[in-house]
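Colleague: Below is the file input_6.csv, with CSV, C-alpha atoms.
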chain,number,residue,atom,x,y,z
U,1,MET,CA,1.7,-7.5,6.5
U,2,ILE,CA,1.1,-7.0,2.8
U,3,LEU,CA,3.3,-4.6,0.9
U,4,ASN,CA,1.7,-2.9,-2.1
U,5,CYS,CA,4.0,-2.7,-5.1
U,6,VAL,CA,4.2,-0.7,-8.4
U,7,ILE,CA,6.4,-1.6,-11.4
U,8,ILE,CA,7.6,1.2,-13.7
U,9,GLU,CA,9.4,-0.5,-16.6
U,10,ASP,CA,9.3,-0.2,-20.4
U,11,GLU,CA,10.6,-3.7,-21.2
U,12,ASN,CA,7.9,-6.5,-21.4
U,13,HIS,CA,10.2,-9.3,-20.3
U,14,ALA,CA,11.4,-7.3,-17.3
U,15,ILE,CA,7.8,-6.5,-16.4
U,16,GLU,CA,6.9,-10.2,-16.6
U,17,LEU,CA,9.9,-11.3,-14.5
U,18,LEU,CA,9.1,-8.8,-11.7
U,19,THR,CA,5.4,-9.6,-11.8
U,20,ASP,CA,6.3,-13.3,-11.4
U,21,HIS,CA,8.6,-12.5,-8.5
U,22,ILE,CA,6.0,-10.4,-6.7
U,23,GLN,CA,3.3,-13.0,-7.2
U,24,ASN,CA,5.6,-15.7,-5.7
U,25,MET,CA,6.0,-13.7,-2.5
U,26,PRO,CA,3.0,-14.0,-0.1
U,27,ASN,CA,3.6,-10.7,1.6
U,28,LEU,CA,3.7,-8.7,-1.7
U,29,SER,CA,0.8,-7.4,-3.8
U,30,LEU,CA,1.1,-5.8,-7.2
U,31,LEU,CA,-1.1,-2.7,-7.5
U,32,LYS,CA,-0.2,-1.4,-10.9
U,33,VAL,CA,2.3,-1.6,-13.8
U,34,TYR,CA,3.4,1.4,-15.8
U,35,SER,CA,5.3,1.0,-19.1
U,36,GLN,CA,5.3,4.8,-19.7
U,37,PRO,CA,7.1,6.9,-17.0
U,38,ILE,CA,5.1,10.0,-17.8
U,39,THR,CA,1.9,8.2,-17.1
U,40,ALA,CA,3.3,7.0,-13.8
U,41,MET,CA,4.3,10.6,-12.9
U,42,THR,CA,0.8,11.9,-13.6
U,43,GLU,CA,-1.2,9.1,-12.0
U,44,ILE,CA,0.6,8.1,-8.8
U,45,THR,CA,-0.3,10.1,-5.7
U,46,GLU,CA,0.5,9.9,-2.0
U,47,GLU,CA,-3.1,8.7,-1.4
U,48,ASP,CA,-2.3,5.4,-3.3
U,49,ASN,CA,-0.3,4.3,-0.2
U,50,ILE,CA,2.4,2.5,-2.2
U,51,ASP,CA,4.9,0.6,-0.2
U,52,ILE,CA,7.5,-0.3,-2.9
U,53,ILE,CA,8.2,1.1,-6.4
U,54,PHE,CA,10.4,-0.9,-8.7
U,55,LEU,CA,11.8,1.6,-11.1
U,56,ASP,CA,13.9,1.2,-14.3
U,57,ILE,CA,16.3,3.9,-15.2
U,58,ASN,CA,16.6,3.9,-19.0
U,59,MET,CA,13.1,4.6,-20.3
U,60,PRO,CA,11.6,6.6,-23.2
U,61,GLY,CA,10.3,10.1,-22.5
U,62,MET,CA,11.8,10.4,-19.0
U,63,SER,CA,14.6,8.8,-17.2
U,64,GLY,CA,14.1,6.8,-14.0
U,65,MET,CA,16.3,9.3,-12.2
U,66,ASP,CA,14.2,12.2,-13.1
U,67,LEU,CA,11.0,10.3,-12.2
U,68,ALA,CA,12.4,9.2,-8.9
U,69,LYS,CA,12.8,12.9,-7.8
U,70,ILE,CA,9.0,13.3,-8.2
U,71,LEU,CA,7.9,9.9,-6.9
U,72,ARG,CA,10.2,9.4,-3.9
U,73,PRO,CA,7.8,11.1,-1.5
U,74,LYS,CA,4.9,9.0,-2.7
U,75,THR,CA,6.3,5.6,-1.7
U,76,ARG,CA,7.8,4.1,1.4
U,77,PHE,CA,10.6,2.2,-0.5
U,78,LEU,CA,12.2,2.8,-3.8
U,79,LEU,CA,14.1,0.0,-5.6
U,80,PHE,CA,15.9,0.7,-8.9
U,81,THR,CA,16.1,-2.2,-11.3
U,82,THR,CA,18.6,-1.4,-14.1
U,83,ALA,CA,21.3,-2.8,-16.4
U,84,TYR,CA,23.6,0.2,-15.6
U,85,HIS,CA,26.1,0.3,-12.7
U,86,GLN,CA,27.1,3.9,-13.1
U,87,TYR,CA,23.9,5.5,-11.6
U,88,ALA,CA,24.2,3.8,-8.2
U,89,VAL,CA,25.7,6.8,-6.4
U,90,GLU,CA,23.0,9.1,-7.8
U,91,ALA,CA,20.3,6.6,-6.9
U,92,PHE,CA,21.2,6.5,-3.3
U,93,GLU,CA,21.5,10.3,-3.2
U,94,LEU,CA,17.8,10.1,-4.2
U,95,GLU,CA,17.2,7.9,-1.1
U,96,ALA,CA,16.8,4.7,-3.0
U,97,ASP,CA,16.5,1.7,-0.7
U,98,GLN,CA,18.0,-0.8,-3.2
U,99,TYR,CA,19.8,-0.8,-6.5
U,100,ILE,CA,19.4,-4.1,-8.3
U,101,ILE,CA,21.4,-4.9,-11.4
U,102,LYS,CA,19.5,-6.8,-14.1
U,103,PRO,CA,18.8,-9.5,-14.7
U,104,VAL,CA,16.7,-9.5,-11.5
U,105,THR,CA,17.0,-13.1,-10.5
U,106,PHE,CA,14.7,-14.5,-7.8
U,107,PRO,CA,17.5,-14.8,-5.3
U,108,LYS,CA,18.4,-11.1,-5.9
U,109,PHE,CA,14.8,-10.2,-5.5
U,110,ILE,CA,14.3,-12.1,-2.3
U,111,ALA,CA,17.5,-10.6,-0.8
U,112,ALA,CA,16.2,-7.1,-1.6
U,113,ILE,CA,12.8,-7.7,-0.1
U,114,GLU,CA,14.2,-9.3,3.0
U,115,LYS,CA,16.2,-6.1,3.6
U,116,ILE,CA,13.1,-4.0,3.2
U,117,ILE,CA,11.2,-6.2,5.7
U,118,LYS,CA,14.1,-6.0,8.2
U,119,LYS,CA,14.0,-2.2,7.9
U,120,ILE,CA,10.2,-2.2,8.6
U,121,GLY,CA,10.7,-4.5,11.6
U,122,LYS,CA,13.3,-2.1,13.1
U,123,SER,CA,11.2,0.9,12.6
U,124,GLN,CA,8.1,-0.8,14.1
U,125,SER,CA,10.1,-2.1,17.1
U,126,THR,CA,11.0,1.4,18.1
U,127,VAL,CA,7.4,2.7,18.2
U,128,LEU,CA,5.1,1.4,20.9
U,129,PRO,CA,1.4,1.3,19.9
U,130,LYS,CA,-0.6,4.2,21.4
U,131,SER,CA,-4.0,3.7,23.1
U,132,GLU,CA,-5.0,7.2,22.2
U,133,ILE,CA,-4.0,9.9,19.7
U,134,PHE,CA,-4.9,13.5,19.5
U,135,ILE,CA,-5.7,14.9,16.0
U,136,LYS,CA,-6.5,18.4,14.9
U,137,THR,CA,-10.1,19.1,13.8
U,138,GLY,CA,-11.5,21.7,11.5
U,139,VAL,CA,-12.2,24.0,14.5
U,140,LEU,CA,-9.4,26.5,15.4
U,141,ASN,CA,-7.3,25.4,18.4
U,142,LYS,CA,-9.4,22.2,18.9
U,143,VAL,CA,-8.0,18.7,19.0
U,144,THR,CA,-9.9,15.5,19.6
U,145,LYS,CA,-8.8,12.3,21.2
U,146,VAL,CA,-9.1,9.2,19.0
U,147,ASN,CA,-8.5,5.6,20.1
U,148,PRO,CA,-7.1,3.7,17.0
U,149,ALA,CA,-9.1,0.6,18.1
U,150,ASP,CA,-12.3,2.6,17.7
U,151,VAL,CA,-11.7,3.6,14.1
U,152,VAL,CA,-14.2,2.1,11.6
U,153,TYR,CA,-13.1,3.8,8.4
U,154,LEU,CA,-11.4,6.9,7.0
U,155,GLU,CA,-13.1,8.8,4.2
U,156,ALA,CA,-11.2,11.4,2.0
U,157,ARG,CA,-13.0,14.5,0.8
U,158,ASP,CA,-11.5,17.3,-1.2
U,159,ASN,CA,-8.8,18.7,1.1
U,160,TYR,CA,-9.8,17.0,4.3
U,161,ILE,CA,-10.7,13.6,5.7
U,162,ILE,CA,-13.4,12.2,8.0
U,163,VAL,CA,-12.4,9.8,10.7
U,164,HIS,CA,-15.4,7.6,11.4
U,165,THR,CA,-15.2,5.9,14.8
U,166,ASP,CA,-17.6,3.7,16.8
U,167,LYS,CA,-18.7,6.9,18.6
U,168,ASP,CA,-18.3,9.9,16.3
U,169,SER,CA,-17.2,11.3,13.0
U,170,ILE,CA,-14.3,13.7,13.1
U,171,ILE,CA,-13.2,16.1,10.4
U,172,THR,CA,-9.4,16.7,10.2
U,173,TYR,CA,-7.2,18.5,7.6
U,174,LEU,CA,-4.8,15.6,7.2
U,175,THR,CA,-4.2,13.7,4.0
U,176,LEU,CA,-5.3,10.2,3.9
U,177,LYS,CA,-1.7,9.0,3.9
U,178,GLU,CA,-0.9,11.1,7.0
U,179,ALA,CA,-4.0,9.8,8.8
U,180,LEU,CA,-3.2,6.2,7.9
U,181,HIS,CA,0.3,6.6,9.2
U,182,THR,CA,-0.9,8.2,12.4
U,183,LEU,CA,-3.9,6.0,13.2
U,184,ASN,CA,-2.6,2.6,12.1
U,185,GLN,CA,-0.9,1.9,15.4
U,186,LEU,CA,-2.5,-1.6,15.6
U,187,ASP,CA,-1.7,-2.5,11.9
U,188,ASN,CA,-5.4,-2.8,11.5
U,189,LEU,CA,-6.2,-0.3,8.7
U,190,LEU,CA,-6.4,-1.3,5.0
U,191,GLN,CA,-6.9,0.9,2.0
U,192,VAL,CA,-9.7,-0.4,-0.3
U,193,GLN,CA,-10.3,2.6,-2.5
U,194,LYS,CA,-8.6,5.9,-3.4
U,195,SER,CA,-10.9,7.7,-0.9
U,196,PHE,CA,-11.5,5.0,1.7
U,197,VAL,CA,-9.4,3.2,4.3
U,198,ILE,CA,-11.2,0.6,6.5
U,199,ALA,CA,-10.5,-1.1,9.8
U,200,LYS,CA,-10.1,-4.8,9.2
U,201,ASN,CA,-11.7,-5.8,12.5
U,202,LYS,CA,-14.8,-3.8,11.7
U,203,ILE,CA,-15.7,-5.8,8.6
U,204,GLU,CA,-19.0,-7.6,8.9
U,205,ILE,CA,-19.6,-9.0,5.4
U,206,VAL,CA,-17.9,-9.0,2.0
U,207,GLU,CA,-20.4,-9.3,-0.8
U,208,GLY,CA,-19.1,-9.2,-4.3
U,209,ASN,CA,-17.1,-6.0,-4.6
U,210,VAL,CA,-18.8,-4.4,-1.6
U,211,ILE,CA,-17.6,-4.4,2.0
U,212,ILE,CA,-20.2,-4.0,4.7
U,213,MET,CA,-18.9,-2.5,7.8
U,214,ASP,CA,-20.2,-2.2,11.4
U,215,LYS,CA,-23.6,-0.4,11.4
U,216,GLY,CA,-24.3,-1.4,7.8
U,217,ILE,CA,-21.9,1.1,6.1
U,218,GLN,CA,-21.2,-0.1,2.6
U,219,ILE,CA,-17.9,0.6,0.9
U,220,PRO,CA,-17.1,-0.5,-2.7
U,221,ILE,CA,-13.7,-1.9,-3.4
U,222,GLY,CA,-11.6,0.1,-5.9
U,223,ASN,CA,-10.0,-1.7,-8.9
U,224,THR,CA,-6.4,-0.7,-7.8
U,225,TYR,CA,-6.9,-2.3,-4.3
U,226,ARG,CA,-9.1,-5.3,-5.2
U,227,LYS,CA,-6.2,-7.8,-5.4
U,228,SER,CA,-4.6,-6.8,-2.1
U,229,PHE,CA,-7.9,-6.8,-0.3
U,230,PHE,CA,-9.0,-10.2,-1.5
U,231,ASP,CA,-5.5,-11.6,-0.8
U,232,TYR,CA,-6.1,-10.5,2.8
U,233,VAL,CA,-9.6,-12.1,2.8
U,234,LYS,CA,-8.3,-15.3,1.3
U,235,LYS,CA,-5.5,-15.5,3.8
U,236,ASN,CA,-8.0,-15.2,6.7
U,237,THR,CA,-10.8,-17.4,5.3
U,238,VAL,CA,-11.4,-20.8,6.9
U,239,VAL,CA,-12.0,-23.4,4.3
U,240,SER,CA,-13.4,-26.8,5.0
U,241,GLY,CA,-11.2,-29.7,3.9
U,242,ARG,CA,-14.2,-32.0,3.6
U,243,VAL,CA,-15.2,-33.3,0.2
U,244,LYS,CA,-18.7,-32.3,-0.8
U,245,PRO,CA,-21.0,-35.4,-1.3
U,246,PRO,CA,-22.2,-36.0,-4.8
U,247,LYS,CA,-25.6,-34.8,-5.7
U,248,SER,CA,-28.3,-37.5,-5.6
U,249,SER,CA,-30.0,-38.1,-8.9
Would it be possible to restate this file's structure as structure tokens?
Modeller:
Amino acid sequence: MILNCVIIEDENHAIELLTDHIQNMPNLSLLKVYSQPITAMTEITEEDNIDIIFLDINMPGMSGMDLAKILRPKTRFLLFTTAYHQYAVEAFELEADQYIIKPVTFPKFIAAIEKIIKKIGKSQSTVLPKSEIFIKTGVLNKVTKVNPADVVYLEARDNYIIVHTDKDSIITYLTLKEALHTLNQLDNLLQVQKSFVIAKNKIEIVEGNVIIMDKGIQIPIGNTYRKSFFDYVKKNTVVSGRVKPPKSS
């Protein structure tokens, strides 16, 4: 399980520290860093499928508290990182998951992430994987049965998505985030581009920045998701421990 992270912080040393902490955790992947809160507000969407936002409070242009009101629905977990104690009550009223007082030492960071992982474990243990799910289609009063194991990839279009399976392609008026949450019963789906989510077990070949799926479907990897995807590939790549023989002259 890889958790996608975003840092919103205006101090360079704090950004560097959080970046180092994230890179030292094998189950975390840093998607983006924002030093301007207004840029984060305009660019972050629900389709980015962010798991954790690390958010400072005292920033130029917009406070972290005001920004949190906008971004809270767009991330699974919200962690405030701040030098100020007095905003803790307000932070938890905004459904923050953690409130970490700076400096964010590595032990503090690990403790916060462990609480997040435990929370994920509890929520997953109460939901049994489903062998089939019914989703609404673009036809009035029509639903279609989908087996999550049959999903090859999800494709976002305008105000709808297409669920491509081994057998069919189904149009549904869900958001990509909603479909990912509904269909990812087997923890098998992975977002690789703003408009594409793929099934990991349907990958045939990875060539450069292109993923070739079952039946030859080619999907380019988006810049935002490149690191998390190749972290997954690297983790599951078998590498020989043998030393290559020297080339003969």
Colleague: Just the residues within 12 Å of Asn49 of chain U, please, counting all atoms listed in the file, with nothing from its chain fewer than 2 positions along; format it as a PyMOL selection string.
Modeller: chain U and resi 2-6+31+44-47+51-53+71+73-77+175-181+189-197+224-225
Colleague: Report, in Å with one decimal, the straight-line distance from atom CA of Ala199 of chain U to atom CA of Lys227 of chain U.
Modeller: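 Here the two named atoms are 17.2 Å from each other.
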Colleague: Using all atoms listed in the file, which residues sit within 12 Å of Lys108 of chain U once same-chain residues fewer than 3 positions away are excluded, as a PyMOL selection string?
Modeller: chain U and resi 18+21+79+81+98-105+111-115
Colleague: Hey, what's within 10 Å of Met65 of chain U if we count all atoms listed in the file and toss same-chain stuff fewer than 5 positions away? As a compact mmCIF listing (two decimals) with C-alpha atoms, in the coordinates of the input, please?
Modeller:
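Saved as part-v9.txt:
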# COMPACT_ATOMS: atom_id res chain seq x y z
CA LEU U 55 11.80 1.60 -11.10
CA ASP U 56 13.90 1.20 -14.30
CA ILE U 57 16.30 3.90 -15.20
CA ASN U 58 16.60 3.90 -19.00
CA MET U 59 13.10 4.60 -20.30
CA ILE U 70 9.00 13.30 -8.20
CA LEU U 71 7.90 9.90 -6.90
CA PHE U 80 15.90 0.70 -8.90
CA TYR U 87 23.90 5.50 -11.60
CA GLU U 90 23.00 9.10 -7.80
CA ALA U 91 20.30 6.60 -6.90
CA LEU U 94 17.80 10.10 -4.20
Colleague: For Leu67 of chain U, please output as a PyMOL selection string all residues within 8 Å (counting all atoms listed in the file; exclusion window: fewer than 4 positions along the same chain).
Modeller: chain U and resi 37+41+62-63+71
Colleague: As an exercise, work out the distance from atom CA of Arg226 of chain U to atom CA of Pro107 of chain U in Å and give it to one decimal place.
Modeller: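 These two atoms are separated by 28.2 Å.
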Colleague: Given the choices U:Ile170, U:Ala40, U:Met25, U:Ala83, which gets closest to Glu11 of chain U if the distance is worked out from all atoms listed in the file?
Modeller: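 Closest to Glu11 of chain U of all the choices is U:Ala83.
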Colleague: Pick from U:Val143, U:Val163, U:Ile7, U:Ala88: nearest to Thr19 of chain U, with all atoms listed in the file counted?
Modeller: U:Ile7
Colleague: Hey, could you patch up segment 92-121 of chain U with N, CA and C atoms and hand it over as a compact mmCIF listing (two decimals), in the coordinates of the input?
Modeller:
# COMPACT_ATOMS: atom_id res chain seq x y z
N PHE U 92 21.29 6.42 -4.73
CA PHE U 92 21.20 6.50 -3.30
C PHE U 92 21.18 7.92 -2.77
N GLU U 93 21.65 8.87 -3.56
CA GLU U 93 21.50 10.30 -3.20
C GLU U 93 19.99 10.66 -3.28
N LEU U 94 19.23 9.93 -4.10
CA LEU U 94 17.80 10.10 -4.20
C LEU U 94 17.02 9.30 -3.16
N GLU U 95 17.75 8.74 -2.20
CA GLU U 95 17.20 7.90 -1.10
C GLU U 95 16.57 6.64 -1.58
N ALA U 96 17.20 6.05 -2.60
CA ALA U 96 16.80 4.70 -3.00
C ALA U 96 17.14 3.71 -1.91
N ASP U 97 16.29 2.69 -1.75
CA ASP U 97 16.50 1.70 -0.70
C ASP U 97 17.36 0.51 -1.27
N GLN U 98 17.23 0.24 -2.56
CA GLN U 98 18.00 -0.80 -3.20
C GLN U 98 18.33 -0.46 -4.61
N TYR U 99 19.41 -1.02 -5.12
CA TYR U 99 19.80 -0.80 -6.50
C TYR U 99 20.18 -2.18 -7.05
N ILE U 100 19.28 -2.74 -7.85
CA ILE U 100 19.40 -4.10 -8.30
C ILE U 100 19.84 -4.13 -9.77
N ILE U 101 20.94 -4.80 -10.06
CA ILE U 101 21.40 -4.90 -11.40
C ILE U 101 20.71 -6.04 -12.15
N LYS U 102 20.18 -5.74 -13.34
CA LYS U 102 19.50 -6.80 -14.10
C LYS U 102 20.54 -7.78 -14.65
N PRO U 103 20.14 -9.01 -14.87
CA PRO U 103 18.80 -9.50 -14.70
C PRO U 103 18.42 -9.69 -13.21
N VAL U 104 17.17 -9.37 -12.89
CA VAL U 104 16.70 -9.50 -11.50
C VAL U 104 16.29 -10.91 -11.23
N THR U 105 17.25 -11.71 -10.84
CA THR U 105 17.00 -13.10 -10.50
C THR U 105 16.14 -13.19 -9.25
N PHE U 106 15.51 -14.33 -9.03
CA PHE U 106 14.70 -14.50 -7.80
C PHE U 106 15.52 -14.39 -6.55
N PRO U 107 16.72 -14.98 -6.50
CA PRO U 107 17.50 -14.80 -5.30
C PRO U 107 17.87 -13.32 -5.02
N LYS U 108 18.20 -12.55 -6.07
CA LYS U 108 18.40 -11.10 -5.90
C LYS U 108 17.20 -10.42 -5.36
N PHE U 109 16.06 -10.79 -5.93
CA PHE U 109 14.80 -10.20 -5.50
C PHE U 109 14.48 -10.46 -4.09
N ILE U 110 14.61 -11.72 -3.68
CA ILE U 110 14.30 -12.10 -2.30
C ILE U 110 15.25 -11.35 -1.33
N ALA U 111 16.53 -11.26 -1.67
CA ALA U 111 17.50 -10.60 -0.80
C ALA U 111 17.09 -9.11 -0.61
N ALA U 112 16.64 -8.45 -1.70
CA ALA U 112 16.20 -7.10 -1.60
C ALA U 112 15.00 -6.90 -0.74
N ILE U 113 14.02 -7.78 -0.92
CA ILE U 113 12.80 -7.70 -0.10
C ILE U 113 13.04 -8.00 1.34
N GLU U 114 13.91 -8.94 1.61
CA GLU U 114 14.20 -9.30 3.00
C GLU U 114 14.85 -8.05 3.71
N LYS U 115 15.67 -7.28 3.01
CA LYS U 115 16.20 -6.10 3.60
C LYS U 115 15.16 -5.04 3.90
N ILE U 116 14.18 -4.94 3.01
CA ILE U 116 13.10 -4.00 3.20
C ILE U 116 12.27 -4.45 4.47
N ILE U 117 11.99 -5.74 4.57
CA ILE U 117 11.20 -6.20 5.70
C ILE U 117 11.95 -6.03 7.02
N LYS U 118 13.27 -6.23 7.01
CA LYS U 118 14.10 -6.00 8.20
C LYS U 118 14.01 -4.52 8.61
N LYS U 119 14.05 -3.64 7.61
CA LYS U 119 14.00 -2.20 7.90
C LYS U 119 12.63 -1.84 8.50
N ILE U 120 11.57 -2.45 8.00
CA ILE U 120 10.20 -2.20 8.60
C ILE U 120 10.17 -2.70 10.00
N GLY U 121 10.74 -3.89 10.24
CA GLY U 121 10.70 -4.50 11.60
C GLY U 121 11.46 -3.59 12.59
